[in-house]
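Step one of this worksheet: look at the structure below.
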Amino acid sequence: MTMGSDVSLRGRADPREWTRRQLLAVLGVGGLGLGGAAIGGRMATDPQDAETTAVDDEESRRLAEQFAPDVYFDRYEKWFMTDPRPYTTEQDGQTVVDGFSALNDYTQTFEETGEPPEPVVFYNAVQYEDSPLAVVQFWMYSVFDQFTTNFHWHDWEVLHVFVDTETEEVQLYVASAHSRKIPNNEYLDPNAQPAIVTELGAHASGLGVNANPDRFQRFPNGDLSADITNQVIEGVEELAELPLAYGLPRDENLTLAFAMPELDGQPLYEDDRLPDVTREAFIDAALTVRSFEELSSPPTELPTRETGLHFTAATNASGDADVEYDLQPTTELEHIEDVTGPMLRFEFSVPDFAEDAIAGHLTTSGVPWDQPRYENPAEDITDPNHRRVLADRYEAIDYGGPTTSLAGALGEAVQDAEAPDGNGVTTAATGTLAFCLLESEPTAAPSVGGAVVMQDVDPGEHRLTVNAPGTAPYSERITVGNDDATAETPTERETESPTETSTSTESETGTSTSTESATATESATATESATATESATATETETSTADGDGTAPTPTVLGADGQVTLVANENAVKVDGDSSDGPDIQRVAIEDDFGGRLFDFRPDSPDKFAAYVHTDGAYTTEIRDSEDVPGAYRVNPGDENRRTIENPRTGKASLAEFVANITTETSEQAPAFSGDGDDDSSDDGDSDDDDDDRTETPTNGDGSDGGSGGGALDDPLADPGDIDVSGVTGLQRALQAVAASAERAVERAEQSDTRGADRALEAARTRLEKVGEALSKNDFDETLDMTVQNRLEQADRRIEQALETETA
């Protein structure tokens with residue numbers, strides 16, 4: 001598939017077919033077109049908004065009736081908005097809503113009547129002091145939330161409608177998403193009645209602002225505007241740009257796998273305190289994954305979203321809705337002091353740096369009237385441009401200042417169709433929603449339109465874990481920003497190695513079903529909706545940046561240059577190294593011959609490192625010690641004996657040995673890469689046909705010739721002259737000549753003969769150049785030509801590094 005100006009709109013292109021380059025372009029990671037304003041978060045540090053006061057009862061009711069939203073649910077939805085008061089109990093002198101009672105009694109009533117029990121939306125209206133800006137909030141309570149890594153007792157969702165009471169014009173819609181770490185779904189200056197498209201099981205609120213109110217649309221398409229006006233990640237000119245908001249993944253053709261919550265080691269529906277709750281009371285089995293770690297590959301057959309019940313306010317009923325809901329003020333609920341229920345757990349594995357430490361998102365979030373956004377709805381404005389526009393219009397709203405954020409493109413490692421079997425990978429869109437956790441801030445956040453985005457991340461050290469069904473989890477340590485909240489640039493950012501996060505092991509067949517953190521490959525992914533050719537900036541307001549001087553802070557980028565790729569369990573192979581008896585390893589980078597740089601991280605300890613790679617790749621692992629001296633090693637995960645780097649070292653000898661290994665490997669594989677098996681075409685013209693009988697030319701202590709050896713292939717230091725690479729056999733012998741020079745450099749480096757090692761390296765480089773020149777003049781098989789060229793570039797880079805370092 002060629003990406004260009006003819007890219008089709010969402011729903012027409014399959015992102016799994018995109019190449020790594022195309023995916024990176026969609027997310028603008030090439031120059032990381034992720035300005036601070038674009039990567040979400042309200043980008044405001046402690047904004048000082050004006051105080052608010054409650055709007056009087058009559059006006060509150062008028063606003064609520066005027067803007068009461070229609071609500072559209074998924075056909076598989078189990079828990080609709082309802083009244084929590086029937087489930088209250090007295091505990092320790094407090095009025096609370098008990099989770100067991102709410103879930104059990106709601107389920108029992110629903111089954112008995114066949115209708116959603118007590119459909120109610122609660123409203124709250126506040127006005128900013130000395131300002132015409134008012135906000136009416138619509139709060140919706142559900143008895144349960146089942147969102148894979150985000151399930152919990154009780155659920156409160158909110159829609160904020162910002163309205164100017166003098167002009168009666170709506171300024172902004174803000175629909176809450178799952179996490180404070182990702183942008184909400186927002187629309188500036190809407191001219192349509194609000195509609196909410198709820199996410200299955202979790203009830204995150206998408207907006208339905210255009211002519212299709214029951215479907216969420218991230219991009220404009222034909223006559224339909226987008227349903228959000230959030231700012232975008234800047235991409236290349238011919239590609240769409242991704243507006244950063246949670247959206248609704250199942251409405252965007254993403255595979256969203258649900259999980260069954262567990263309590264006390266068993267599925268929740270088996271608890272004796274829920275006598276009326278059965279398996280059928282939870283999300284349908286067709287959408288549920290019972291164990292992430294048992295999936296060998298990401299699921300692909302889960303059904304996408306279909307609209308189910310349509311709710312409308314009874315005061316606005318037109319007869320088109322399936323259910324009418326009542327409007328009631330939240331003041332009727334404010335006597336409720338808490339919502340309760342024990343912490344639930346995952347049925348699938350999570351990182352063992354302590355589930356308790358990251359499971360805060362599995363507990364209830366309390367009651368709305370205890371939350372800052374209840375009195376100051378501007379707390380929920382997560383798009384920086386929206387906050388800036390309102391700050392320009394109303395003195396009551398403060399823009400604040402920039403905050404640090406994380407950003408990375410997400411994809412899956414797959415075999416490269418252009419690479420020889422087992423010798424190259426590329427990356428493609430997963431099509432599957434991933435879940436992200438910060439160890440330092442126990443909050444889960446789903447991926448956003450194929451990107452990992454987290455806003456308002458405190459400066460300092462963090463560990464990020466990315467998990468998706470059927471893939472090995474990805475984990476890395478990152479350094480975010482600094483004390484003045486300015487994020488580091490991509491070249492300055494430091495990442496630490498992915499860490500192993502469970503005790504599961506690879507199967508004998510090489511299939512990885514473990515939940516050890518799999519450091520992921522370089523890539524970026526995008527949803528089908530990311531193929532639109534228009535950006536979703538549906539307002540006439542000026543596009544602003546994150547700070548006052550017109551520049552945006554650079555986000556901390558994830559993975560290798562901003563790309564995070566997951567590896568399917570069935571393809572994940574562990575590559576590791578143990579430097580206990582060698583130098584302290586401060587940094588590790590892994591590159592595939594075809595896919596380029598895949599990992600770039602700091603190891604958790606200076607003597608051990610590990611990463612999970614795709615078994616079909618052929619990799620170069622670069623290490624750097626505490627003095628920033630590099631070393632390089634060849635890794636072939638298809639060979640179980642070449643997955644572990646024993647006693648890694650840095651310096652000339654390591655780099656020269658790598659050059660010898662990669663050229664020898666290429667020479668040995670050349671016939672297979674050519675597709676001919678044995679090659680009987682032209683010889684290289686040398687009088688010595690026995691390559692294995694090369695005799696080593698004696699040398700003096702400085703590495704100079706100690707005698708008159710044979711031809712270029714016999715003497716690792718001799719001028720290669722014109723190398724005949726007119727056939728595969730000639731190519732093999734030329735590569736062997738490079739290897740011979742590199743092997744001589746290893747010998748000299750190990751003898752601390754820096755001058756002799758450099759002379760041998762220069763000879764290897766000259767021979768390598770001759771191979772490249774001759775290769776360009778021959779009509780080799782395309783696969784062979786591409787493979788050799790990629791490896792020549794890798795070898796040349798390592799020769800250059802070896803010549804630059806003084807460390808033997």
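Residues in the structure tokens are numbered from 1 in each chain, the chains being A, B, ... in the order shown, and ligands are numbered from 1 in the order shown.
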>> When you look at Leu207 in chain A with a cut-off of 6 Å (counting only C-alpha atoms), what residues show up, excluding the ones that are within fewer than 2 positions of it in the same chain? I need them as a list in words.
In response: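 The filter keeps Ala195, Ile196, Val197, Val209 and Asp227 of chain A.
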> Between A:Gln732, A:Gln455, A:Thr304, A:Gln801, which is the closest to Pro671 in chain A once you count only C-alpha atoms?
Replying inline: A:Gln732
> So which one's closest to Glu750 in chain A, A:Asp398, A:Asp416, A:Asp785, A:Glu657? Using only C-alpha atoms, please.
Replying inline: A:Glu657
>> If I take CA of Asp456 in chain A and CA of Thr404 in chain A, how far is one from the other in Å, to one decimal?
In response: 5.7 Å
>> I'd like the contact shell of range 164-179 of chain A - 7 Å cut-off, only C-alpha atoms, skipping same-chain residues fewer than 6 positions apart - returned as a PyMOL selection string.
In response: chain A and resi 132-134+157-158+185-190+204-207+246+381+444-445
> What is the CA of Gly366 in chain A to CA of Leu390 in chain A distance in Å?
Replying inline: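 Here the two named atoms are 28.7 Å from each other.
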> Can you list, as a count of residues only, every protein, DNA or RNA residue that comes within 12 Å of Asn790 in chain A when you count only C-alpha atoms, leaving out same-chain residues fewer than 6 positions away?
Replying inline: 20
> Near Ala125 in chain A, within 8 Å and counting only C-alpha atoms, which residues show up once chain neighbours fewer than 4 positions away are dropped, as a PyMOL selection string?
Replying inline: chain A and resi 54-55+60+63+134-137
> Near Phe67 in chain A, counting only C-alpha atoms, which residues have an atom at most 9 Å away, once you skip same-chain residues fewer than 6 positions from it, shown as a ChimeraX atom specification?
Replying inline: /A:136,161,193-194
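Across A:Ala409, A:Ala468, A:Val573, A:Ala396, the tightest approach to Thr255 in chain A is made by A:Ala468 when counting only C-alpha atoms.
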List the neighbours of Ala321 in chain A out to 8 Å using only C-alpha atoms; skip same-chain residues closer than 2 positions along the sequence, and give me the result as an mmCIF file with N, CA and C atoms, in the first residue's frame.
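Listed below is the output, selection.cif:
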data_model
loop_
_atom_site.group_PDB
_atom_site.id
_atom_site.type_symbol
_atom_site.label_atom_id
_atom_site.label_comp_id
_atom_site.auth_asym_id
_atom_site.auth_seq_id
_atom_site.Cartn_x
_atom_site.Cartn_y
_atom_site.Cartn_z
ATOM 1 N N LEU A 309 -29.204 0.625 23.163
ATOM 2 C CA LEU A 309 -30.274 1.482 23.673
ATOM 3 C C LEU A 309 -29.921 2.960 23.561
ATOM 4 N N HIS A 310 -30.938 3.743 23.247
ATOM 5 C CA HIS A 310 -30.830 5.194 23.123
ATOM 6 C C HIS A 310 -31.666 5.812 24.237
ATOM 7 N N PHE A 311 -31.026 6.626 25.095
ATOM 8 C CA PHE A 311 -31.696 7.290 26.212
ATOM 9 C C PHE A 311 -31.859 8.774 25.905
ATOM 10 N N THR A 312 -32.960 9.333 26.350
ATOM 11 C CA THR A 312 -33.170 10.773 26.237
ATOM 12 C C THR A 312 -33.861 11.269 27.491
ATOM 13 N N ALA A 317 -38.318 14.405 25.587
ATOM 14 C CA ALA A 317 -38.649 13.197 24.830
ATOM 15 C C ALA A 317 -39.396 13.522 23.553
ATOM 16 N N SER A 318 -38.941 12.877 22.460
ATOM 17 C CA SER A 318 -39.593 13.070 21.168
ATOM 18 C C SER A 318 -40.198 11.786 20.642
ATOM 19 N N GLY A 319 -40.014 10.723 21.400
ATOM 20 C CA GLY A 319 -40.539 9.427 20.959
ATOM 21 C C GLY A 319 -39.537 8.611 20.177
ATOM 22 N N VAL A 323 -35.413 4.657 25.821
ATOM 23 C CA VAL A 323 -35.603 4.831 27.259
ATOM 24 C C VAL A 323 -35.575 6.323 27.574
ATOM 25 N N GLU A 324 -36.486 6.737 28.455
ATOM 26 C CA GLU A 324 -36.479 8.111 28.947
ATOM 27 C C GLU A 324 -35.857 8.131 30.342
#
> Per DSSP on the backbone, what are the helix (DSSP H, G or I) residues of range 73-231 of chain A, as a PyMOL selection string?
Replying inline: chain A and resi 85-87+99-113
Just-selected residues, N, CA, C and O atoms written as a PDB file, in the first residue's frame:
ATOM      1  N   ARG A  85     -29.229   5.791  45.150  1.00  0.00           N
ATOM      2  CA  ARG A  85     -29.839   5.854  46.483  1.00  0.00           C
ATOM      3  C   ARG A  85     -30.452   4.538  46.948  1.00  0.00           C
ATOM      4  O   ARG A  85     -30.384   4.228  48.150  1.00  0.00           O
ATOM      5  N   PRO A  86     -31.037   3.710  46.071  1.00  0.00           N
ATOM      6  CA  PRO A  86     -31.585   2.431  46.562  1.00  0.00           C
ATOM      7  C   PRO A  86     -30.530   1.499  47.144  1.00  0.00           C
ATOM      8  O   PRO A  86     -30.881   0.535  47.838  1.00  0.00           O
ATOM      9  N   TYR A  87     -29.261   1.777  46.892  1.00  0.00           N
ATOM     10  CA  TYR A  87     -28.204   0.864  47.323  1.00  0.00           C
ATOM     11  C   TYR A  87     -27.399   1.412  48.509  1.00  0.00           C
ATOM     12  O   TYR A  87     -26.330   0.901  48.819  1.00  0.00           O
ATOM     13  N   GLY A  99     -20.827  -1.612  47.233  1.00  0.00           N
ATOM     14  CA  GLY A  99     -20.626  -2.191  45.920  1.00  0.00           C
ATOM     15  C   GLY A  99     -21.353  -3.501  45.717  1.00  0.00           C
ATOM     16  O   GLY A  99     -21.953  -3.732  44.656  1.00  0.00           O
ATOM     17  N   PHE A 100     -21.309  -4.391  46.701  1.00  0.00           N
ATOM     18  CA  PHE A 100     -21.996  -5.677  46.579  1.00  0.00           C
ATOM     19  C   PHE A 100     -23.494  -5.481  46.420  1.00  0.00           C
ATOM     20  O   PHE A 100     -24.135  -6.090  45.563  1.00  0.00           O
ATOM     21  N   SER A 101     -24.060  -4.617  47.257  1.00  0.00           N
ATOM     22  CA  SER A 101     -25.498  -4.374  47.196  1.00  0.00           C
ATOM     23  C   SER A 101     -25.895  -3.761  45.863  1.00  0.00           C
ATOM     24  O   SER A 101     -26.882  -4.169  45.237  1.00  0.00           O
ATOM     25  N   ALA A 102     -25.120  -2.769  45.424  1.00  0.00           N
ATOM     26  CA  ALA A 102     -25.460  -2.091  44.168  1.00  0.00           C
ATOM     27  C   ALA A 102     -25.433  -3.055  42.993  1.00  0.00           C
ATOM     28  O   ALA A 102     -26.372  -3.120  42.196  1.00  0.00           O
ATOM     29  N   LEU A 103     -24.339  -3.836  42.857  1.00  0.00           N
ATOM     30  CA  LEU A 103     -24.222  -4.740  41.719  1.00  0.00           C
ATOM     31  C   LEU A 103     -25.263  -5.846  41.776  1.00  0.00           C
ATOM     32  O   LEU A 103     -25.906  -6.166  40.768  1.00  0.00           O
ATOM     33  N   ASN A 104     -25.444  -6.433  42.940  1.00  0.00           N
ATOM     34  CA  ASN A 104     -26.388  -7.550  43.053  1.00  0.00           C
ATOM     35  C   ASN A 104     -27.828  -7.099  42.846  1.00  0.00           C
ATOM     36  O   ASN A 104     -28.579  -7.701  42.062  1.00  0.00           O
ATOM     37  N   ASP A 105     -28.238  -6.040  43.545  1.00  0.00           N
ATOM     38  CA  ASP A 105     -29.636  -5.618  43.479  1.00  0.00           C
ATOM     39  C   ASP A 105     -29.997  -5.025  42.124  1.00  0.00           C
ATOM     40  O   ASP A 105     -31.111  -5.226  41.622  1.00  0.00           O
ATOM     41  N   TYR A 106     -29.063  -4.296  41.518  1.00  0.00           N
ATOM     42  CA  TYR A 106     -29.304  -3.767  40.173  1.00  0.00           C
ATOM     43  C   TYR A 106     -29.503  -4.919  39.191  1.00  0.00           C
ATOM     44  O   TYR A 106     -30.438  -4.912  38.380  1.00  0.00           O
ATOM     45  N   THR A 107     -28.619  -5.906  39.269  1.00  0.00           N
ATOM     46  CA  THR A 107     -28.712  -7.069  38.374  1.00  0.00           C
ATOM     47  C   THR A 107     -30.027  -7.801  38.563  1.00  0.00           C
ATOM     48  O   THR A 107     -30.702  -8.186  37.592  1.00  0.00           O
ATOM     49  N   GLN A 108     -30.434  -8.004  39.824  1.00  0.00           N
ATOM     50  CA  GLN A 108     -31.686  -8.699  40.110  1.00  0.00           C
ATOM     51  C   GLN A 108     -32.884  -7.950  39.539  1.00  0.00           C
ATOM     52  O   GLN A 108     -33.756  -8.530  38.885  1.00  0.00           O
ATOM     53  N   THR A 109     -32.924  -6.629  39.752  1.00  0.00           N
ATOM     54  CA  THR A 109     -34.038  -5.826  39.243  1.00  0.00           C
ATOM     55  C   THR A 109     -34.086  -5.838  37.729  1.00  0.00           C
ATOM     56  O   THR A 109     -35.151  -5.959  37.115  1.00  0.00           O
ATOM     57  N   PHE A 110     -32.918  -5.703  37.094  1.00  0.00           N
ATOM     58  CA  PHE A 110     -32.848  -5.691  35.634  1.00  0.00           C
ATOM     59  C   PHE A 110     -33.383  -7.014  35.062  1.00  0.00           C
ATOM     60  O   PHE A 110     -34.160  -7.039  34.099  1.00  0.00           O
ATOM     61  N   GLU A 111     -32.986  -8.118  35.676  1.00  0.00           N
ATOM     62  CA  GLU A 111     -33.436  -9.419  35.183  1.00  0.00           C
ATOM     63  C   GLU A 111     -34.929  -9.613  35.389  1.00  0.00           C
ATOM     64  O   GLU A 111     -35.616 -10.224  34.565  1.00  0.00           O
ATOM     65  N   GLU A 112     -35.454  -9.095  36.486  1.00  0.00           N
ATOM     66  CA  GLU A 112     -36.879  -9.268  36.775  1.00  0.00           C
ATOM     67  C   GLU A 112     -37.760  -8.430  35.870  1.00  0.00           C
ATOM     68  O   GLU A 112     -38.815  -8.880  35.418  1.00  0.00           O
ATOM     69  N   THR A 113     -37.344  -7.196  35.595  1.00  0.00           N
ATOM     70  CA  THR A 113     -38.179  -6.285  34.816  1.00  0.00           C
ATOM     71  C   THR A 113     -37.848  -6.260  33.331  1.00  0.00           C
ATOM     72  O   THR A 113     -38.696  -5.890  32.512  1.00  0.00           O
TER      73      THR A 113
END
>> Report, in Å with one decimal, the straight-line distance from CA of Thr621 in chain A to CA of Leu566 in chain A.
In response: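 We find that CA of Thr621 in chain A and CA of Leu566 in chain A lie 18.4 Å from each other.
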